[in-house]
Amino acid sequence: MTNPDTGASASIIYGLALTTPADVVDRFAATLTRYRRRIGSRWRAHDVMLQAVLTLAFLEGGHTYRGLAAGNSIPRSTCHTYITEGIKVLARRALPLTEVVRLAVKAGWPYLIVDGVNIPTERIKAKYTAKQYWYSGKHHRHGAAVQTVAAPDGELLWVSGVLPGRTVDITAARRFGIAEKVLAYLGLLADLGYIGLHPDAIVGYKRKRGEKTLPAGRKAANIALARIRAIGERANAQLKCWKVLAGDYRGSPRQVTTVVKAVQALQYMIRDPFGTACDHGNGY
């Protein structure tokens with residue numbers, strides 16, 4: 001990995017190379033260069049390649065600011081500033097859901113898959129009440145509720161902002177208008193937790209009150225739907241493969257929105273789900 005400005009080699013974090021492809025690191029460094037030029041940033045002590053590597057190491061490895069700063073012989077405050085800015089730049093490149101749907105239609109896909117995932121966070125006590133809004137009774141931990149939209153092959157396409165962990169999937173999906181934006185052009189598959197989300201959403205069947213078992217036809221339909229919809233779990237796995245989201249997030253849970261949007265942008269840079277082989281975003 002080389003610095004596009006100076007040609008210097010990128011730093012190695014803790015003696016371990018990043019698993020993020022070198023061309024993605026270089027493209028991210030070039031994006032940071034354009035961002036600094038755009039905001040008229042003054043001279044800085046460290047080049048954009050170091051900032052790119054620090055940001056990716058934070059997202060990919062879940063390292064602390066203190067550890068990354070010590071490993072690269074820079075002040076902790078500088079490390080924090082660089083990483084926060086890098087994540088912000090990446091997050092601004094994340095595609096909105098309407099653009100994702102447009103590209104999915106262009107790609108000829110018949111449907112998308114929506115699912116929910118819980119991002120674990122450290123315990124955050126409510127300021128004025130004893131209620132723990134970030135505690136999920138389903139997962140038995142504090143966390144942030146996030147919605148993901150996946151392609152028919154399970155590729156991660158879009159990630160929502162975060163809501164408190166106690167928020168159920170159907171409420172989160174309604175909050176971000178996922179059904180309306182997708183079903184205007186494509187089909188939408190979801191699990192039983194989304195029953196009632198939208199009349200056109202395909203969500204399977206639950207037993208009615210008083211029924212001991214589902215009728216054979218509905219049971220078979222649920223099994224067939226589960227086989228197709230379960231592929232969407234790959235999107236959640238792709239999100240959680242970034243270690244900053246796999247363990248207890250140490251910052252404010254509300255900051256997770258910027259992090260998951262940055263991961264979404266990186267997924268496009270690495271995997272290119274629509275085969276466009278180009279960057280998307282606002283020009284940074």
# chains A, B, ... in the order shown; residues from 1 in each chain; ligands from 1
>>> select_by_dssp(residues="region 39-114 of chain A", states="alpha helix (DSSP H)", output="number ranges by chain")
A: 39, 48-61, 65-72, 76-91, 97-107
>>> residues_around(residues="Ile270 (chain A)", least_positions_apart="6", cutoff="9 Å", atoms="only C-alpha atoms", output="number ranges by chain")
A: 20-21, 23-24
>>> closest_residue(among="A:Arg254, A:Arg227, A:Lys206, A:Arg38", to="Gly165 (chain A)", atoms="only C-alpha atoms")
A:Arg254
>>> residues_around(residues="Ile83 (chain A)", least_positions_apart="3", cutoff="12 Å", atoms="only C-alpha atoms", output="ChimeraX atom specification")
/A:32,48-59,62-66,68-69,76-80,86-90,258-259,262
>>> write_last_selection(atoms="N, CA and C atoms", output="compact mmCIF listing (two decimals), in the first residue's frame")
# COMPACT_ATOMS: atom_id res chain seq x y z
N LEU A 32 -9.77 10.64 1.05
CA LEU A 32 -9.39 11.55 2.13
C LEU A 32 -8.62 12.75 1.61
N VAL A 48 -2.27 11.16 4.51
CA VAL A 48 -3.59 10.56 4.43
C VAL A 48 -3.52 9.04 4.51
N MET A 49 -2.41 8.44 4.10
CA MET A 49 -2.32 6.99 4.15
C MET A 49 -2.36 6.49 5.59
N LEU A 50 -1.68 7.20 6.49
CA LEU A 50 -1.74 6.81 7.90
C LEU A 50 -3.17 6.94 8.43
N GLN A 51 -3.86 8.00 8.04
CA GLN A 51 -5.24 8.18 8.48
C GLN A 51 -6.13 7.07 7.94
N ALA A 52 -5.93 6.68 6.69
CA ALA A 52 -6.72 5.60 6.10
C ALA A 52 -6.48 4.28 6.82
N VAL A 53 -5.21 3.98 7.11
CA VAL A 53 -4.88 2.72 7.78
C VAL A 53 -5.43 2.71 9.20
N LEU A 54 -5.32 3.83 9.91
CA LEU A 54 -5.84 3.90 11.27
C LEU A 54 -7.35 3.68 11.28
N THR A 55 -8.06 4.32 10.36
CA THR A 55 -9.51 4.18 10.29
C THR A 55 -9.92 2.75 9.99
N LEU A 56 -9.27 2.13 9.03
CA LEU A 56 -9.60 0.76 8.66
C LEU A 56 -9.23 -0.22 9.77
N ALA A 57 -8.11 0.04 10.46
CA ALA A 57 -7.72 -0.83 11.57
C ALA A 57 -8.72 -0.74 12.71
N PHE A 58 -9.26 0.44 12.95
CA PHE A 58 -10.27 0.63 13.99
C PHE A 58 -11.54 -0.15 13.64
N LEU A 59 -11.97 -0.06 12.39
CA LEU A 59 -13.20 -0.74 11.97
C LEU A 59 -12.99 -2.25 11.83
N GLY A 62 -11.29 -3.54 15.54
CA GLY A 62 -11.91 -3.14 16.80
C GLY A 62 -10.91 -2.67 17.84
N HIS A 63 -9.75 -2.15 17.39
CA HIS A 63 -8.72 -1.70 18.33
C HIS A 63 -9.14 -0.42 19.04
N THR A 64 -8.52 -0.13 20.16
CA THR A 64 -8.80 1.10 20.89
C THR A 64 -7.97 2.25 20.30
N TYR A 65 -8.43 3.49 20.57
CA TYR A 65 -7.66 4.64 20.13
C TYR A 65 -6.28 4.65 20.79
N ARG A 66 -6.24 4.30 22.06
CA ARG A 66 -4.97 4.31 22.79
C ARG A 66 -3.99 3.31 22.18
N LEU A 68 -3.98 2.03 19.07
CA LEU A 68 -3.57 2.44 17.73
C LEU A 68 -2.59 3.62 17.79
N ALA A 69 -2.83 4.53 18.72
CA ALA A 69 -1.93 5.68 18.87
C ALA A 69 -0.55 5.23 19.31
N ARG A 76 -2.83 10.27 21.32
CA ARG A 76 -4.15 9.64 21.30
C ARG A 76 -5.19 10.59 20.72
N SER A 77 -5.12 11.87 21.04
CA SER A 77 -6.10 12.83 20.53
C SER A 77 -6.03 12.94 19.02
N THR A 78 -4.82 12.88 18.47
CA THR A 78 -4.66 12.92 17.01
C THR A 78 -5.25 11.67 16.38
N CYS A 79 -4.99 10.53 17.00
CA CYS A 79 -5.53 9.26 16.50
C CYS A 79 -7.06 9.30 16.50
N HIS A 80 -7.65 9.80 17.59
CA HIS A 80 -9.11 9.90 17.69
C HIS A 80 -9.66 10.82 16.61
N GLY A 86 -12.19 10.03 9.41
CA GLY A 86 -12.21 9.01 8.37
C GLY A 86 -13.53 8.27 8.31
N ILE A 87 -14.09 7.94 9.47
CA ILE A 87 -15.39 7.26 9.51
C ILE A 87 -16.48 8.17 8.94
N LYS A 88 -16.41 9.45 9.27
CA LYS A 88 -17.40 10.41 8.76
C LYS A 88 -17.34 10.49 7.24
N VAL A 89 -16.14 10.53 6.69
CA VAL A 89 -15.98 10.60 5.23
C VAL A 89 -16.55 9.35 4.57
N LEU A 90 -16.27 8.18 5.15
CA LEU A 90 -16.81 6.94 4.61
C LEU A 90 -18.34 6.91 4.69
N THR A 258 -23.07 6.23 12.37
CA THR A 258 -21.98 6.63 11.49
C THR A 258 -21.08 5.44 11.17
N VAL A 259 -20.86 4.57 12.16
CA VAL A 259 -19.98 3.42 11.95
C VAL A 259 -20.60 2.43 10.97
N ALA A 262 -20.41 3.73 7.51
CA ALA A 262 -19.05 3.62 7.00
C ALA A 262 -18.77 2.19 6.53
>>> closest_atom_pairs(of="region 105-194 of chain A", to="region 228-232 of chain A", cutoff="8 Å", atoms="only C-alpha atoms", output="Markdown table")
| residue | atom | partner | partner_atom | distance |
| --- | --- | --- | --- | --- |
| A:Ile113 | CA | A:Gly232 | CA | 5.8 |
| A:Val114 | CA | A:Gly232 | CA | 7.2 |
| A:Asp115 | CA | A:Gly232 | CA | 7.1 |
| A:Val149 | CA | A:Gly232 | CA | 7.8 |
| A:Ala150 | CA | A:Gly232 | CA | 5.6 |
| A:Ala151 | CA | A:Gly232 | CA | 7.3 |
| A:Pro152 | CA | A:Gly232 | CA | 7.2 |
| A:Asp153 | CA | A:Ile231 | CA | 6.4 |
| A:Gly154 | CA | A:Gly232 | CA | 4.4 |
| A:Glu155 | CA | A:Gly232 | CA | 7.4 |
| A:Leu189 | CA | A:Arg229 | CA | 6.2 |
| A:Ala190 | CA | A:Arg229 | CA | 6.5 |
| A:Asp191 | CA | A:Arg229 | CA | 7.3 |
>>> write_last_selection(atoms="C-alpha atoms", output="PDB file, in the first residue's frame")
ATOM      1  CA  ILE A 113     -34.557  -9.216   1.869  1.00  0.00           C
ATOM      2  CA  VAL A 114     -34.939  -7.203   5.076  1.00  0.00           C
ATOM      3  CA  ASP A 115     -33.734  -8.361   8.469  1.00  0.00           C
ATOM      4  CA  VAL A 149     -31.402  -4.930   3.318  1.00  0.00           C
ATOM      5  CA  ALA A 150     -29.784  -7.720   1.311  1.00  0.00           C
ATOM      6  CA  ALA A 151     -29.712  -8.851  -2.299  1.00  0.00           C
ATOM      7  CA  PRO A 152     -31.291 -12.203  -3.276  1.00  0.00           C
ATOM      8  CA  ASP A 153     -27.836 -13.812  -2.868  1.00  0.00           C
ATOM      9  CA  GLY A 154     -27.455 -12.335   0.636  1.00  0.00           C
ATOM     10  CA  GLU A 155     -25.044  -9.534  -0.275  1.00  0.00           C
ATOM     11  CA  LEU A 189     -39.052 -10.852   1.889  1.00  0.00           C
ATOM     12  CA  ALA A 190     -38.922 -10.880   5.696  1.00  0.00           C
ATOM     13  CA  ASP A 191     -39.302 -13.216   8.664  1.00  0.00           C
TER      14      ASP A 191
END
>>> select_by_dssp(residues="region 18-140 of chain A", states="strand (DSSP E)", output="list in words")
Tyr111, Leu112, Ile113, Val114, Asp115, Gly116, Val117, Asn118, Ile119, Pro120, Tyr135 and Ser136 of chain A
>>> residues_around(residues="Arg174 (chain A)", least_positions_apart="3", cutoff="12 Å", atoms="only C-alpha atoms", output="list in words")
Val114, Gln147, Ser160, Leu163, Thr167, Val168, Asp169, Ile170, Thr171, Gly177, Ile178, Ala179, Glu180, Lys181, Tyr194, Ile195, Gly196, Leu197 and His198 of chain A
>>> residues_around(residues="region 120-123 of chain A", least_positions_apart="4", cutoff="7 Å", atoms="only C-alpha atoms", output="PyMOL selection string")
chain A and resi 142-144+247-250+253
>>> atom_distance(atom1="CA of Val260 (chain A)", atom2="CA of Phe28 (chain A)")
16.5 Å
>>> closest_residue(among="A:Pro96, A:His46, A:Pro164, A:Thr19", to="Ser73 (chain A)", atoms="only C-alpha atoms")
A:His46
